[in-house]
file upload22.csv (CSV, C-alpha atoms)
chain,number,residue,atom,x,y,z
A,1,MET,CA,0.0,0.0,0.0
A,2,THR,CA,1.7,3.2,-1.2
A,3,VAL,CA,1.0,6.7,-0.1
A,4,THR,CA,-0.5,8.6,-3.0
A,5,PRO,CA,-0.6,12.4,-3.2
A,6,GLY,CA,-4.3,12.2,-2.4
A,7,TRP,CA,-3.4,11.2,1.2
A,8,TYR,CA,-1.3,14.2,1.6
A,9,MET,CA,-4.1,16.3,0.1
A,10,ALA,CA,-6.5,14.8,2.6
A,11,LEU,CA,-4.2,15.5,5.5
A,12,ALA,CA,-3.6,19.1,4.3
A,13,ALA,CA,-7.3,19.6,4.0
A,14,ALA,CA,-7.8,18.4,7.6
A,15,LEU,CA,-5.1,20.8,8.8
A,16,PHE,CA,-6.7,23.6,6.8
A,17,VAL,CA,-10.1,23.0,8.3
A,18,ILE,CA,-8.6,22.9,11.8
A,19,GLY,CA,-6.9,26.2,11.1
A,20,ALA,CA,-10.1,27.8,9.8
A,21,GLY,CA,-11.8,26.5,13.0
A,22,GLY,CA,-9.2,28.3,15.1
A,23,ILE,CA,-9.9,31.5,13.3
A,24,LEU,CA,-13.7,31.1,13.8
A,25,LEU,CA,-13.7,29.9,17.4
A,26,ARG,CA,-10.8,31.7,19.2
A,27,ARG,CA,-10.7,35.3,20.3
A,28,ASN,CA,-7.0,35.7,21.1
A,29,ALA,CA,-5.4,37.6,18.3
A,30,LEU,CA,-2.2,35.6,18.7
A,31,VAL,CA,-3.9,32.2,18.4
A,32,MET,CA,-5.9,33.4,15.4
A,33,PHE,CA,-2.6,34.4,13.8
A,34,MET,CA,-1.1,31.0,14.5
A,35,SER,CA,-4.2,29.5,12.8
A,36,VAL,CA,-3.3,31.5,9.7
A,37,GLU,CA,0.2,30.0,9.7
A,38,LEU,CA,-1.3,26.5,10.1
A,39,MET,CA,-3.5,27.1,7.0
A,40,LEU,CA,-0.5,28.3,5.0
A,41,ASN,CA,1.4,25.2,6.0
A,42,ALA,CA,-1.4,23.0,4.9
A,43,VAL,CA,-1.4,24.7,1.5
A,44,ASN,CA,2.4,24.3,1.2
A,45,LEU,CA,2.0,20.6,1.8
A,46,THR,CA,-0.4,20.3,-1.2
A,47,PHE,CA,2.0,22.2,-3.4
A,48,VAL,CA,4.8,19.8,-2.6
A,49,ALA,CA,2.7,16.7,-3.0
A,50,ALA,CA,1.3,17.9,-6.4
A,51,GLY,CA,4.7,18.9,-7.6
A,52,ARG,CA,6.0,15.4,-6.9
A,53,GLU,CA,3.1,13.8,-8.7
A,54,LEU,CA,3.5,15.9,-11.8
A,55,ASN,CA,7.3,15.6,-11.7
A,56,VAL,CA,7.9,19.3,-11.8
A,57,ILE,CA,9.9,21.4,-9.2
A,58,ASP,CA,7.7,24.5,-9.5
A,59,GLY,CA,5.6,23.3,-6.5
A,60,GLN,CA,8.7,23.6,-4.3
A,61,ILE,CA,9.5,27.0,-5.7
A,62,SER,CA,5.9,28.1,-4.9
A,63,VAL,CA,6.4,26.9,-1.3
A,64,LEU,CA,9.5,29.0,-1.0
A,65,PHE,CA,7.6,32.1,-2.1
A,66,VAL,CA,4.7,31.3,0.3
A,67,MET,CA,7.2,31.0,3.1
A,68,VAL,CA,8.7,34.4,2.3
A,69,VAL,CA,5.3,36.1,2.2
A,70,ALA,CA,4.3,34.4,5.4
A,71,ALA,CA,7.5,35.5,7.2
A,72,ALA,CA,6.8,39.1,6.1
A,73,GLU,CA,3.2,38.8,7.2
A,74,VAL,CA,4.2,37.5,10.6
A,75,VAL,CA,6.6,40.4,11.2
A,76,VAL,CA,4.0,43.1,10.4
A,77,GLY,CA,1.1,41.2,12.1
A,78,LEU,CA,3.0,40.7,15.3
A,79,ALA,CA,4.1,44.3,15.3
A,80,ILE,CA,0.5,45.4,14.9
A,81,ILE,CA,-0.6,43.1,17.8
A,82,VAL,CA,2.2,44.5,20.0
A,83,ALA,CA,1.2,48.1,19.1
A,84,VAL,CA,-2.4,47.4,19.9
A,85,PHE,CA,-1.5,45.7,23.1
A,86,ARG,CA,0.6,48.7,24.3
A,87,ARG,CA,-2.4,51.0,23.7
A,88,ARG,CA,-5.3,48.8,24.8
A,89,HIS,CA,-3.6,46.3,27.1
A,90,THR,CA,-5.5,43.4,25.6
A,91,ALA,CA,-5.0,40.8,22.8
A,92,SER,CA,-8.6,39.9,22.6
A,93,VAL,CA,-10.2,40.8,19.3
A,94,ASP,CA,-13.6,41.2,21.1
A,95,GLU,CA,-12.5,44.3,23.0
A,96,LEU,CA,-11.2,46.1,19.9
A,97,SER,CA,-14.7,47.2,18.8
A,98,GLU,CA,-14.3,51.0,18.3
A,99,LEU,CA,-15.0,50.7,14.6
A,100,LYS,CA,-18.4,49.1,14.9
A,101,GLY,CA,-21.2,50.9,13.3
B,1,MET,CA,6.0,0.7,3.2
B,2,VAL,CA,8.3,3.0,5.2
B,3,GLU,CA,6.5,6.0,3.7
B,4,LEU,CA,3.2,4.6,4.9
B,5,VAL,CA,4.3,4.1,8.4
B,6,VAL,CA,5.9,7.6,8.5
B,7,PHE,CA,2.8,9.1,7.0
B,8,ILE,CA,0.5,7.5,9.6
B,9,ILE,CA,2.7,8.4,12.6
B,10,PHE,CA,3.4,11.9,11.6
B,11,GLY,CA,0.0,12.5,10.3
B,12,LEU,CA,-1.4,11.7,13.7
B,13,VAL,CA,1.2,13.9,15.3
B,14,ALA,CA,0.4,16.8,12.9
B,15,LEU,CA,-3.3,16.5,13.7
B,16,PHE,CA,-2.7,16.3,17.4
B,17,GLY,CA,-0.5,19.4,17.2
B,18,ALA,CA,-3.1,21.4,15.2
B,19,LEU,CA,-6.0,20.4,17.5
B,20,SER,CA,-4.0,21.2,20.6
B,21,MET,CA,-3.1,24.6,19.1
B,22,VAL,CA,-6.8,25.5,18.6
B,23,TRP,CA,-7.8,23.9,21.9
B,24,ALA,CA,-5.1,25.1,24.4
B,25,ARG,CA,-6.1,27.8,26.8
B,26,ASN,CA,-2.6,29.0,27.3
B,27,PRO,CA,-1.0,30.6,24.2
B,28,VAL,CA,2.4,29.0,24.9
B,29,TYR,CA,0.8,25.6,24.6
B,30,SER,CA,-0.8,26.7,21.3
B,31,ALA,CA,2.7,27.7,20.0
B,32,MET,CA,4.1,24.3,21.0
B,33,GLY,CA,1.3,22.5,19.2
B,34,LEU,CA,1.9,24.6,16.1
B,35,MET,CA,5.6,23.8,16.3
B,36,LEU,CA,4.9,20.1,16.5
B,37,THR,CA,2.7,20.4,13.4
B,38,MET,CA,5.4,22.3,11.5
B,39,PHE,CA,8.0,19.7,12.3
B,40,SER,CA,5.6,17.0,11.1
B,41,VAL,CA,5.1,18.9,7.8
B,42,ALA,CA,8.8,19.1,7.4
B,43,VAL,CA,8.9,15.3,7.7
B,44,PHE,CA,6.3,15.1,4.9
B,45,TYR,CA,8.5,17.4,2.8
B,46,VAL,CA,11.3,14.9,3.2
B,47,SER,CA,9.2,12.0,2.2
B,48,ASN,CA,8.1,13.9,-0.9
B,49,SER,CA,11.8,14.4,-1.7
B,50,ALA,CA,11.7,18.2,-1.0
B,51,HIS,CA,14.8,18.2,1.1
B,52,PHE,CA,15.7,21.8,0.8
B,53,ILE,CA,12.2,22.9,1.5
B,54,ALA,CA,12.2,20.7,4.6
B,55,VAL,CA,15.3,22.4,5.9
B,56,VAL,CA,13.9,25.8,5.2
B,57,GLN,CA,10.7,24.8,7.0
B,58,VAL,CA,12.5,23.8,10.1
B,59,ILE,CA,14.8,26.9,10.1
B,60,ILE,CA,12.2,29.6,9.1
B,61,TYR,CA,9.0,28.3,10.5
B,62,ALA,CA,9.9,26.2,13.5
B,63,GLY,CA,12.9,28.3,14.2
B,64,ALA,CA,12.4,32.0,13.4
B,65,VAL,CA,8.6,32.4,13.1
B,66,MET,CA,7.8,30.4,16.3
B,67,THR,CA,10.5,32.1,18.2
B,68,LEU,CA,9.0,35.4,17.2
B,69,PHE,CA,5.6,34.2,18.3
B,70,LEU,CA,7.0,33.1,21.7
B,71,PHE,CA,8.7,36.4,22.1
B,72,VAL,CA,5.4,38.2,21.6
B,73,ILE,CA,3.5,35.8,23.9
B,74,MET,CA,6.0,36.5,26.6
B,75,LEU,CA,5.9,40.2,25.9
B,76,ILE,CA,2.1,40.6,26.3
B,77,GLY,CA,1.8,38.2,29.1
B,78,VAL,CA,1.0,34.6,29.4
B,79,ASP,CA,-0.7,34.6,32.7
B,80,ARG,CA,-3.9,36.2,31.5
B,81,ASP,CA,-6.2,33.4,30.5
B,82,GLU,CA,-8.6,34.0,27.6
B,83,ASP,CA,-12.1,34.8,28.5
B,84,ARG,CA,-14.0,32.1,26.7
B,85,ARG,CA,-17.5,33.6,26.9
B,86,GLU,CA,-18.8,34.2,23.4
B,87,VAL,CA,-20.3,37.7,23.0
B,88,ILE,CA,-21.6,37.3,19.5
B,89,PRO,CA,-24.9,35.3,19.6
B,90,LEU,CA,-24.9,32.1,17.6
B,91,GLN,CA,-21.2,32.5,16.7
B,92,ARG,CA,-20.1,29.1,17.9
B,93,PRO,CA,-23.0,26.9,16.5
B,94,VAL,CA,-22.7,28.7,13.2
B,95,ALA,CA,-19.0,28.4,13.1
B,96,LEU,CA,-19.2,24.7,13.8
B,97,ALA,CA,-21.9,24.2,11.2
B,98,VAL,CA,-19.7,26.1,8.6
B,99,LEU,CA,-16.8,23.9,9.5
B,100,ALA,CA,-18.8,20.7,9.2
B,101,LEU,CA,-20.0,21.9,5.8
B,102,PHE,CA,-16.5,22.7,4.8
B,103,GLY,CA,-15.2,19.3,5.9
B,104,ALA,CA,-18.0,17.6,4.0
B,105,GLY,CA,-17.0,19.6,0.9
B,106,VAL,CA,-13.5,18.5,1.3
B,107,VAL,CA,-14.6,14.8,1.6
B,108,VAL,CA,-16.6,15.2,-1.6
B,109,ALA,CA,-13.8,17.0,-3.4
B,110,GLY,CA,-11.4,14.2,-2.3
B,111,ARG,CA,-13.3,11.8,-4.5
B,112,PHE,CA,-12.1,13.4,-7.7
B,113,ALA,CA,-8.5,13.4,-9.0
B,114,TRP,CA,-7.3,16.9,-8.7
B,115,VAL,CA,-3.6,16.4,-9.7
B,116,THR,CA,-4.0,16.4,-13.4
B,117,GLY,CA,-2.0,17.7,-16.3
B,118,PRO,CA,0.9,16.6,-18.4
B,119,THR,CA,3.5,14.7,-16.3
B,120,VAL,CA,7.0,15.6,-17.2
B,121,ALA,CA,8.9,12.5,-18.2
B,122,GLY,CA,12.3,11.8,-16.9
B,123,GLU,CA,14.0,11.5,-13.5
B,124,PRO,CA,11.8,12.0,-10.4
B,125,ILE,CA,12.4,15.4,-9.1
B,126,ASP,CA,14.9,15.8,-6.3
B,127,GLY,CA,14.5,19.0,-4.3
B,128,THR,CA,18.2,19.7,-3.8
B,129,VAL,CA,19.6,23.1,-3.4
B,130,GLU,CA,21.1,22.9,-6.8
B,131,ALA,CA,17.8,22.0,-8.5
B,132,ILE,CA,15.8,24.7,-6.7
B,133,GLY,CA,18.5,27.3,-7.3
B,134,THR,CA,18.7,26.6,-11.0
B,135,GLU,CA,15.0,26.8,-11.4
B,136,LEU,CA,14.7,29.9,-9.1
B,137,PHE,CA,17.3,31.9,-10.9
B,138,ARG,CA,16.3,30.9,-14.4
B,139,ASP,CA,12.5,31.1,-14.6
B,140,TRP,CA,11.6,32.9,-11.3
B,141,VAL,CA,14.1,35.7,-11.1
B,142,LEU,CA,11.6,38.6,-11.2
B,143,PRO,CA,9.4,37.2,-8.4
B,144,PHE,CA,12.5,36.5,-6.4
B,145,GLU,CA,13.6,40.1,-6.7
B,146,VAL,CA,10.1,41.3,-5.8
B,147,THR,CA,10.2,39.3,-2.6
B,148,ALA,CA,13.4,41.2,-1.7
B,149,LEU,CA,11.3,44.4,-2.0
B,150,LEU,CA,8.5,42.9,0.0
B,151,LEU,CA,10.9,42.0,2.8
B,152,ILE,CA,12.3,45.5,2.9
B,153,ILE,CA,8.8,46.9,3.1
B,154,ALA,CA,7.8,44.5,5.9
B,155,ALA,CA,11.0,45.3,7.9
B,156,THR,CA,10.4,49.0,7.5
B,157,GLY,CA,6.8,48.7,8.5
B,158,ALA,CA,7.6,46.7,11.6
B,159,ILE,CA,10.3,49.2,12.6
B,160,GLY,CA,7.9,52.1,12.0
B,161,LEU,CA,5.2,50.4,14.1
B,162,ALA,CA,7.6,49.9,17.0
B,163,LEU,CA,9.3,53.3,16.7
B,164,PHE,CA,6.6,55.9,16.4
B,165,ARG,CA,4.3,55.8,19.5
B,166,ARG,CA,3.3,59.4,20.0
B,167,ASP,CA,0.0,59.2,21.8
B,168,GLU,CA,0.5,55.9,23.6
B,169,GLU,CA,-0.7,57.3,26.9
B,170,GLU,CA,-4.0,58.9,25.8
B,171,GLY,CA,-5.5,55.7,24.5
B,172,ALA,CA,-4.7,53.6,27.6

call {"tool": "encode", "arguments": {"input": "upload22.csv", "output": "structure tokens"}}
result
Amino acid sequence: MTVTPGWYMALAAALFVIGAGGILLRRNALVMFMSVELMLNAVNLTFVAAGRELNVIDGQISVLFVMVVAAAEVVVGLAIIVAVFRRRHTASVDELSELKG
Amino acid sequence: MVELVVFIIFGLVALFGALSMVWARNPVYSAMGLMLTMFSVAVFYVSNSAHFIAVVQVIIYAGAVMTLFLFVIMLIGVDRDEDRREVIPLQRPVALAVLALFGAGVVVAGRFAWVTGPTVAGEPIDGTVEAIGTELFRDWVLPFEVTALLLIIAATGAIGLALFRRDEEEGA
């Protein structure tokens, strides 16, 4: 019994759903941010598995670019979270409701 | 056979890490769960012969990004537990229903073959530094240069956010 790319796709889909669940169910900005990272990782796994199946290396190149963008996103996002925390003394997204109409 | 055993073991580890990340009350435990999942994903990269990507995954994600996360968790305090009361009515049931729907959609989508297209004949790909570098600097030079610009912008933005805090006191 060999491991086909579909297995990796299924695992990546499960990880993606768990990440989406973290976004929807948690209220801590940091944990929501980690859920975004988890979803990015799941997508990277599908890139690599599909690239291996099609015998092209472009999947791995794409993963490299996704990682770069994710790193940049983490830097800016965490800076925003720290800036918000310094001003509001909370990391809960429920209490940041000044913009509600 | 080896790949199957590795897949099962580290698949379970990855799912456990992801679930504990969402479930844990303490953000430090969430970070540890995510780190576990990232290491498992690195193992899957190795078994898909993406060796360089696996190394990058461990160094960048499990190393740099998670260290940054832990720094911020320590900075804004780990002792304050999250208030788990839900203030938006129906948020949790609707969220769980959406997730169940999404999971069902994934199951349905998994019955089709999505990896289609012309398979390139020849040697199986090997994600060595040489192979990736050759491809990166031949066909992907422009996107590569653009990522340099992106990183500079991100670093400048982060420094700007940390540096300029004029009216910090008035909002507190």

call {"tool": "residues_around", "arguments": {"input": "upload22.csv", "residues": "Ala49 (chain A)", "least_positions_apart": "3", "cutoff": "9 Å", "atoms": "all atoms listed in the file", "output": "JSON, numbers by chain"}}
result
{"A": [4, 5, 6, 8, 9, 44, 45, 46, 52, 53, 54, 59], "B": [44, 45, 48]}

call {"tool": "write_last_selection", "arguments": {"input": "upload22.csv", "atoms": "C-alpha atoms", "output": "compact mmCIF listing (two decimals), in the coordinates of the input"}}
result
# COMPACT_ATOMS: atom_id res chain seq x y z
CA THR A 4 -0.50 8.60 -3.00
CA PRO A 5 -0.60 12.40 -3.20
CA GLY A 6 -4.30 12.20 -2.40
CA TYR A 8 -1.30 14.20 1.60
CA MET A 9 -4.10 16.30 0.10
CA ASN A 44 2.40 24.30 1.20
CA LEU A 45 2.00 20.60 1.80
CA THR A 46 -0.40 20.30 -1.20
CA ARG A 52 6.00 15.40 -6.90
CA GLU A 53 3.10 13.80 -8.70
CA LEU A 54 3.50 15.90 -11.80
CA GLY A 59 5.60 23.30 -6.50
CA PHE B 44 6.30 15.10 4.90
CA TYR B 45 8.50 17.40 2.80
CA ASN B 48 8.10 13.90 -0.90

call {"tool": "closest_residue", "arguments": {"input": "upload22.csv", "among": "B:Phe52, B:Phe164, B:Phe144, B:Phe102", "to": "Val17 (chain A)", "atoms": "all atoms listed in the file"}}
result
B:Phe102

call {"tool": "closest_residue", "arguments": {"input": "upload22.csv", "among": "A:Phe16, A:Ser97, A:Val31, A:Ala50", "to": "Arg25 (chain B)", "atoms": "only C-alpha atoms"}}
result
A:Val31

call {"tool": "closest_residue", "arguments": {"input": "upload22.csv", "among": "B:Gly77, B:Thr37, B:Ala162, B:Pro89", "to": "Met34 (chain A)", "atoms": "all atoms listed in the file"}}
result
B:Thr37

call {"tool": "closest_residue", "arguments": {"input": "upload22.csv", "among": "B:Met32, B:Phe10, B:Val106, B:Thr134", "to": "chain A", "atoms": "only C-alpha atoms"}}
result
B:Val106

call {"tool": "residues_around", "arguments": {"input": "upload22.csv", "residues": "Leu25 (chain A)", "least_positions_apart": "6", "cutoff": "9 Å", "atoms": "all atoms listed in the file", "output": "JSON, numbers by chain"}}
result
{"A": [32], "B": [22, 86, 91, 92, 95, 96]}

call {"tool": "atom_distance", "arguments": {"input": "upload22.csv", "atom1": "CA of Leu70 (chain B)", "atom2": "CA of Ala83 (chain A)"}}
result
16.3 Å

call {"tool": "residues_around", "arguments": {"input": "upload22.csv", "residues": "Gly19 (chain A)", "least_positions_apart": "2", "cutoff": "8 Å", "atoms": "only C-alpha atoms", "output": "mmCIF file with C-alpha atoms, keeping the file's coordinate frame"}}
result
data_model
loop_
_atom_site.group_PDB
_atom_site.id
_atom_site.type_symbol
_atom_site.label_atom_id
_atom_site.label_comp_id
_atom_site.auth_asym_id
_atom_site.auth_seq_id
_atom_site.Cartn_x
_atom_site.Cartn_y
_atom_site.Cartn_z
ATOM 1 C CA LEU A 15 -5.100 20.800 8.800
ATOM 2 C CA PHE A 16 -6.700 23.600 6.800
ATOM 3 C CA VAL A 17 -10.100 23.000 8.300
ATOM 4 C CA GLY A 21 -11.800 26.500 13.000
ATOM 5 C CA GLY A 22 -9.200 28.300 15.100
ATOM 6 C CA ILE A 23 -9.900 31.500 13.300
ATOM 7 C CA SER A 35 -4.200 29.500 12.800
ATOM 8 C CA VAL A 36 -3.300 31.500 9.700
ATOM 9 C CA LEU A 38 -1.300 26.500 10.100
ATOM 10 C CA MET A 39 -3.500 27.100 7.000
ATOM 11 C CA ALA B 18 -3.100 21.400 15.200
ATOM 12 C CA VAL B 22 -6.800 25.500 18.600
#

call {"tool": "atom_distance", "arguments": {"input": "upload22.csv", "atom1": "CA of Phe16 (chain B)", "atom2": "CA of Leu34 (chain B)"}}
result
9.6 Å

call {"tool": "atom_distance", "arguments": {"input": "upload22.csv", "atom1": "CA of Phe69 (chain B)", "atom2": "CA of Leu30 (chain A)"}}
result
7.9 Å

call {"tool": "closest_residue", "arguments": {"input": "upload22.csv", "among": "B:Leu149, B:Leu36, B:Leu4, B:Val28", "to": "chain A", "atoms": "only C-alpha atoms"}}
result
B:Leu4

call {"tool": "closest_residue", "arguments": {"input": "upload22.csv", "among": "A:Met67, A:Ala42, A:Phe33, A:Phe85", "to": "Ala14 (chain A)", "atoms": "all atoms listed in the file"}}
result
A:Ala42

call {"tool": "residues_around", "arguments": {"input": "upload22.csv", "residues": "region 64-67 of chain B", "least_positions_apart": "5", "cutoff": "12 Å", "atoms": "only C-alpha atoms", "output": "PDB file with C-alpha atoms, keeping the file's coordinate frame"}}
result
ATOM      1  CA  LEU A  30      -2.200  35.600  18.700  1.00  0.00           C
ATOM      2  CA  PHE A  33      -2.600  34.400  13.800  1.00  0.00           C
ATOM      3  CA  MET A  34      -1.100  31.000  14.500  1.00  0.00           C
ATOM      4  CA  GLU A  37       0.200  30.000   9.700  1.00  0.00           C
ATOM      5  CA  LEU A  38      -1.300  26.500  10.100  1.00  0.00           C
ATOM      6  CA  MET A  67       7.200  31.000   3.100  1.00  0.00           C
ATOM      7  CA  VAL A  68       8.700  34.400   2.300  1.00  0.00           C
ATOM      8  CA  VAL A  69       5.300  36.100   2.200  1.00  0.00           C
ATOM      9  CA  ALA A  70       4.300  34.400   5.400  1.00  0.00           C
ATOM     10  CA  ALA A  71       7.500  35.500   7.200  1.00  0.00           C
ATOM     11  CA  ALA A  72       6.800  39.100   6.100  1.00  0.00           C
ATOM     12  CA  GLU A  73       3.200  38.800   7.200  1.00  0.00           C
ATOM     13  CA  VAL A  74       4.200  37.500  10.600  1.00  0.00           C
ATOM     14  CA  VAL A  75       6.600  40.400  11.200  1.00  0.00           C
ATOM     15  CA  VAL A  76       4.000  43.100  10.400  1.00  0.00           C
ATOM     16  CA  GLY A  77       1.100  41.200  12.100  1.00  0.00           C
ATOM     17  CA  LEU A  78       3.000  40.700  15.300  1.00  0.00           C
TER      18      LEU A  78
ATOM     19  CA  PRO B  27      -1.000  30.600  24.200  1.00  0.00           C
ATOM     20  CA  VAL B  28       2.400  29.000  24.900  1.00  0.00           C
ATOM     21  CA  TYR B  29       0.800  25.600  24.600  1.00  0.00           C
ATOM     22  CA  SER B  30      -0.800  26.700  21.300  1.00  0.00           C
ATOM     23  CA  ALA B  31       2.700  27.700  20.000  1.00  0.00           C
ATOM     24  CA  MET B  32       4.100  24.300  21.000  1.00  0.00           C
ATOM     25  CA  GLY B  33       1.300  22.500  19.200  1.00  0.00           C
ATOM     26  CA  LEU B  34       1.900  24.600  16.100  1.00  0.00           C
ATOM     27  CA  MET B  35       5.600  23.800  16.300  1.00  0.00           C
ATOM     28  CA  LEU B  36       4.900  20.100  16.500  1.00  0.00           C
ATOM     29  CA  THR B  37       2.700  20.400  13.400  1.00  0.00           C
ATOM     30  CA  MET B  38       5.400  22.300  11.500  1.00  0.00           C
ATOM     31  CA  PHE B  39       8.000  19.700  12.300  1.00  0.00           C
ATOM     32  CA  VAL B  56      13.900  25.800   5.200  1.00  0.00           C
ATOM     33  CA  GLN B  57      10.700  24.800   7.000  1.00  0.00           C
ATOM     34  CA  VAL B  58      12.500  23.800  10.100  1.00  0.00           C
ATOM     35  CA  ILE B  59      14.800  26.900  10.100  1.00  0.00           C
ATOM     36  CA  VAL B  72       5.400  38.200  21.600  1.00  0.00           C
ATOM     37  CA  ILE B  73       3.500  35.800  23.900  1.00  0.00           C
ATOM     38  CA  MET B  74       6.000  36.500  26.600  1.00  0.00           C
TER      39      MET B  74
END

call {"tool": "decode", "arguments": {"input": "upload22.csv", "residues": "region 141-162 of chain B", "atoms": "N, CA and C atoms", "output": "PDB file, in the first residue's frame"}}
result
ATOM      1  N   VAL B 141      13.265  34.656 -11.628  1.00  0.00           N
ATOM      2  CA  VAL B 141      14.146  35.715 -11.133  1.00  0.00           C
ATOM      3  C   VAL B 141      13.341  36.937 -10.708  1.00  0.00           C
ATOM      4  N   LEU B 142      12.378  37.336 -11.540  1.00  0.00           N
ATOM      5  CA  LEU B 142      11.621  38.553 -11.224  1.00  0.00           C
ATOM      6  C   LEU B 142      10.815  38.422  -9.935  1.00  0.00           C
ATOM      7  N   PRO B 143      10.037  37.329  -9.749  1.00  0.00           N
ATOM      8  CA  PRO B 143       9.366  37.177  -8.444  1.00  0.00           C
ATOM      9  C   PRO B 143      10.342  37.160  -7.282  1.00  0.00           C
ATOM     10  N   PHE B 144      11.506  36.569  -7.509  1.00  0.00           N
ATOM     11  CA  PHE B 144      12.503  36.521  -6.440  1.00  0.00           C
ATOM     12  C   PHE B 144      12.952  37.918  -6.048  1.00  0.00           C
ATOM     13  N   GLU B 145      13.184  38.770  -7.054  1.00  0.00           N
ATOM     14  CA  GLU B 145      13.579  40.148  -6.750  1.00  0.00           C
ATOM     15  C   GLU B 145      12.459  40.897  -6.045  1.00  0.00           C
ATOM     16  N   VAL B 146      11.214  40.621  -6.458  1.00  0.00           N
ATOM     17  CA  VAL B 146      10.083  41.308  -5.833  1.00  0.00           C
ATOM     18  C   VAL B 146       9.966  40.923  -4.358  1.00  0.00           C
ATOM     19  N   THR B 147      10.298  39.664  -4.026  1.00  0.00           N
ATOM     20  CA  THR B 147      10.249  39.284  -2.607  1.00  0.00           C
ATOM     21  C   THR B 147      11.269  40.066  -1.794  1.00  0.00           C
ATOM     22  N   ALA B 148      12.410  40.408  -2.416  1.00  0.00           N
ATOM     23  CA  ALA B 148      13.380  41.247  -1.694  1.00  0.00           C
ATOM     24  C   ALA B 148      12.743  42.582  -1.324  1.00  0.00           C
ATOM     25  N   LEU B 149      12.042  43.179  -2.300  1.00  0.00           N
ATOM     26  CA  LEU B 149      11.341  44.446  -2.035  1.00  0.00           C
ATOM     27  C   LEU B 149      10.304  44.268  -0.926  1.00  0.00           C
ATOM     28  N   LEU B 150       9.561  43.149  -1.000  1.00  0.00           N
ATOM     29  CA  LEU B 150       8.526  42.870   0.001  1.00  0.00           C
ATOM     30  C   LEU B 150       9.128  42.787   1.394  1.00  0.00           C
ATOM     31  N   LEU B 151      10.259  42.101   1.508  1.00  0.00           N
ATOM     32  CA  LEU B 151      10.880  41.952   2.824  1.00  0.00           C
ATOM     33  C   LEU B 151      11.356  43.289   3.360  1.00  0.00           C
ATOM     34  N   ILE B 152      11.885  44.146   2.465  1.00  0.00           N
ATOM     35  CA  ILE B 152      12.329  45.462   2.933  1.00  0.00           C
ATOM     36  C   ILE B 152      11.139  46.262   3.430  1.00  0.00           C
ATOM     37  N   ILE B 153      10.031  46.203   2.667  1.00  0.00           N
ATOM     38  CA  ILE B 153       8.834  46.943   3.089  1.00  0.00           C
ATOM     39  C   ILE B 153       8.347  46.428   4.436  1.00  0.00           C
ATOM     40  N   ALA B 154       8.330  45.096   4.624  1.00  0.00           N
ATOM     41  CA  ALA B 154       7.848  44.526   5.881  1.00  0.00           C
ATOM     42  C   ALA B 154       8.738  44.948   7.044  1.00  0.00           C
ATOM     43  N   ALA B 155      10.051  44.906   6.831  1.00  0.00           N
ATOM     44  CA  ALA B 155      10.962  45.297   7.912  1.00  0.00           C
ATOM     45  C   ALA B 155      10.772  46.766   8.254  1.00  0.00           C
ATOM     46  N   THR B 156      10.640  47.606   7.208  1.00  0.00           N
ATOM     47  CA  THR B 156      10.427  49.035   7.467  1.00  0.00           C
ATOM     48  C   THR B 156       9.128  49.261   8.224  1.00  0.00           C
ATOM     49  N   GLY B 157       8.076  48.550   7.815  1.00  0.00           N
ATOM     50  CA  GLY B 157       6.791  48.705   8.488  1.00  0.00           C
ATOM     51  C   GLY B 157       6.860  48.294   9.944  1.00  0.00           C
ATOM     52  N   ALA B 158       7.549  47.175  10.221  1.00  0.00           N
ATOM     53  CA  ALA B 158       7.643  46.715  11.605  1.00  0.00           C
ATOM     54  C   ALA B 158       8.432  47.698  12.446  1.00  0.00           C
ATOM     55  N   ILE B 159       9.534  48.217  11.884  1.00  0.00           N
ATOM     56  CA  ILE B 159      10.321  49.201  12.639  1.00  0.00           C
ATOM     57  C   ILE B 159       9.492  50.457  12.871  1.00  0.00           C
ATOM     58  N   GLY B 160       8.752  50.880  11.845  1.00  0.00           N
ATOM     59  CA  GLY B 160       7.919  52.067  11.993  1.00  0.00           C
ATOM     60  C   GLY B 160       6.865  51.881  13.062  1.00  0.00           C
ATOM     61  N   LEU B 161       6.235  50.697  13.091  1.00  0.00           N
ATOM     62  CA  LEU B 161       5.213  50.439  14.106  1.00  0.00           C
ATOM     63  C   LEU B 161       5.817  50.461  15.499  1.00  0.00           C
ATOM     64  N   ALA B 162       7.043  49.954  15.633  1.00  0.00           N
ATOM     65  CA  ALA B 162       7.649  49.900  16.962  1.00  0.00           C
ATOM     66  C   ALA B 162       8.212  51.242  17.379  1.00  0.00           C
TER      67      ALA B 162
END
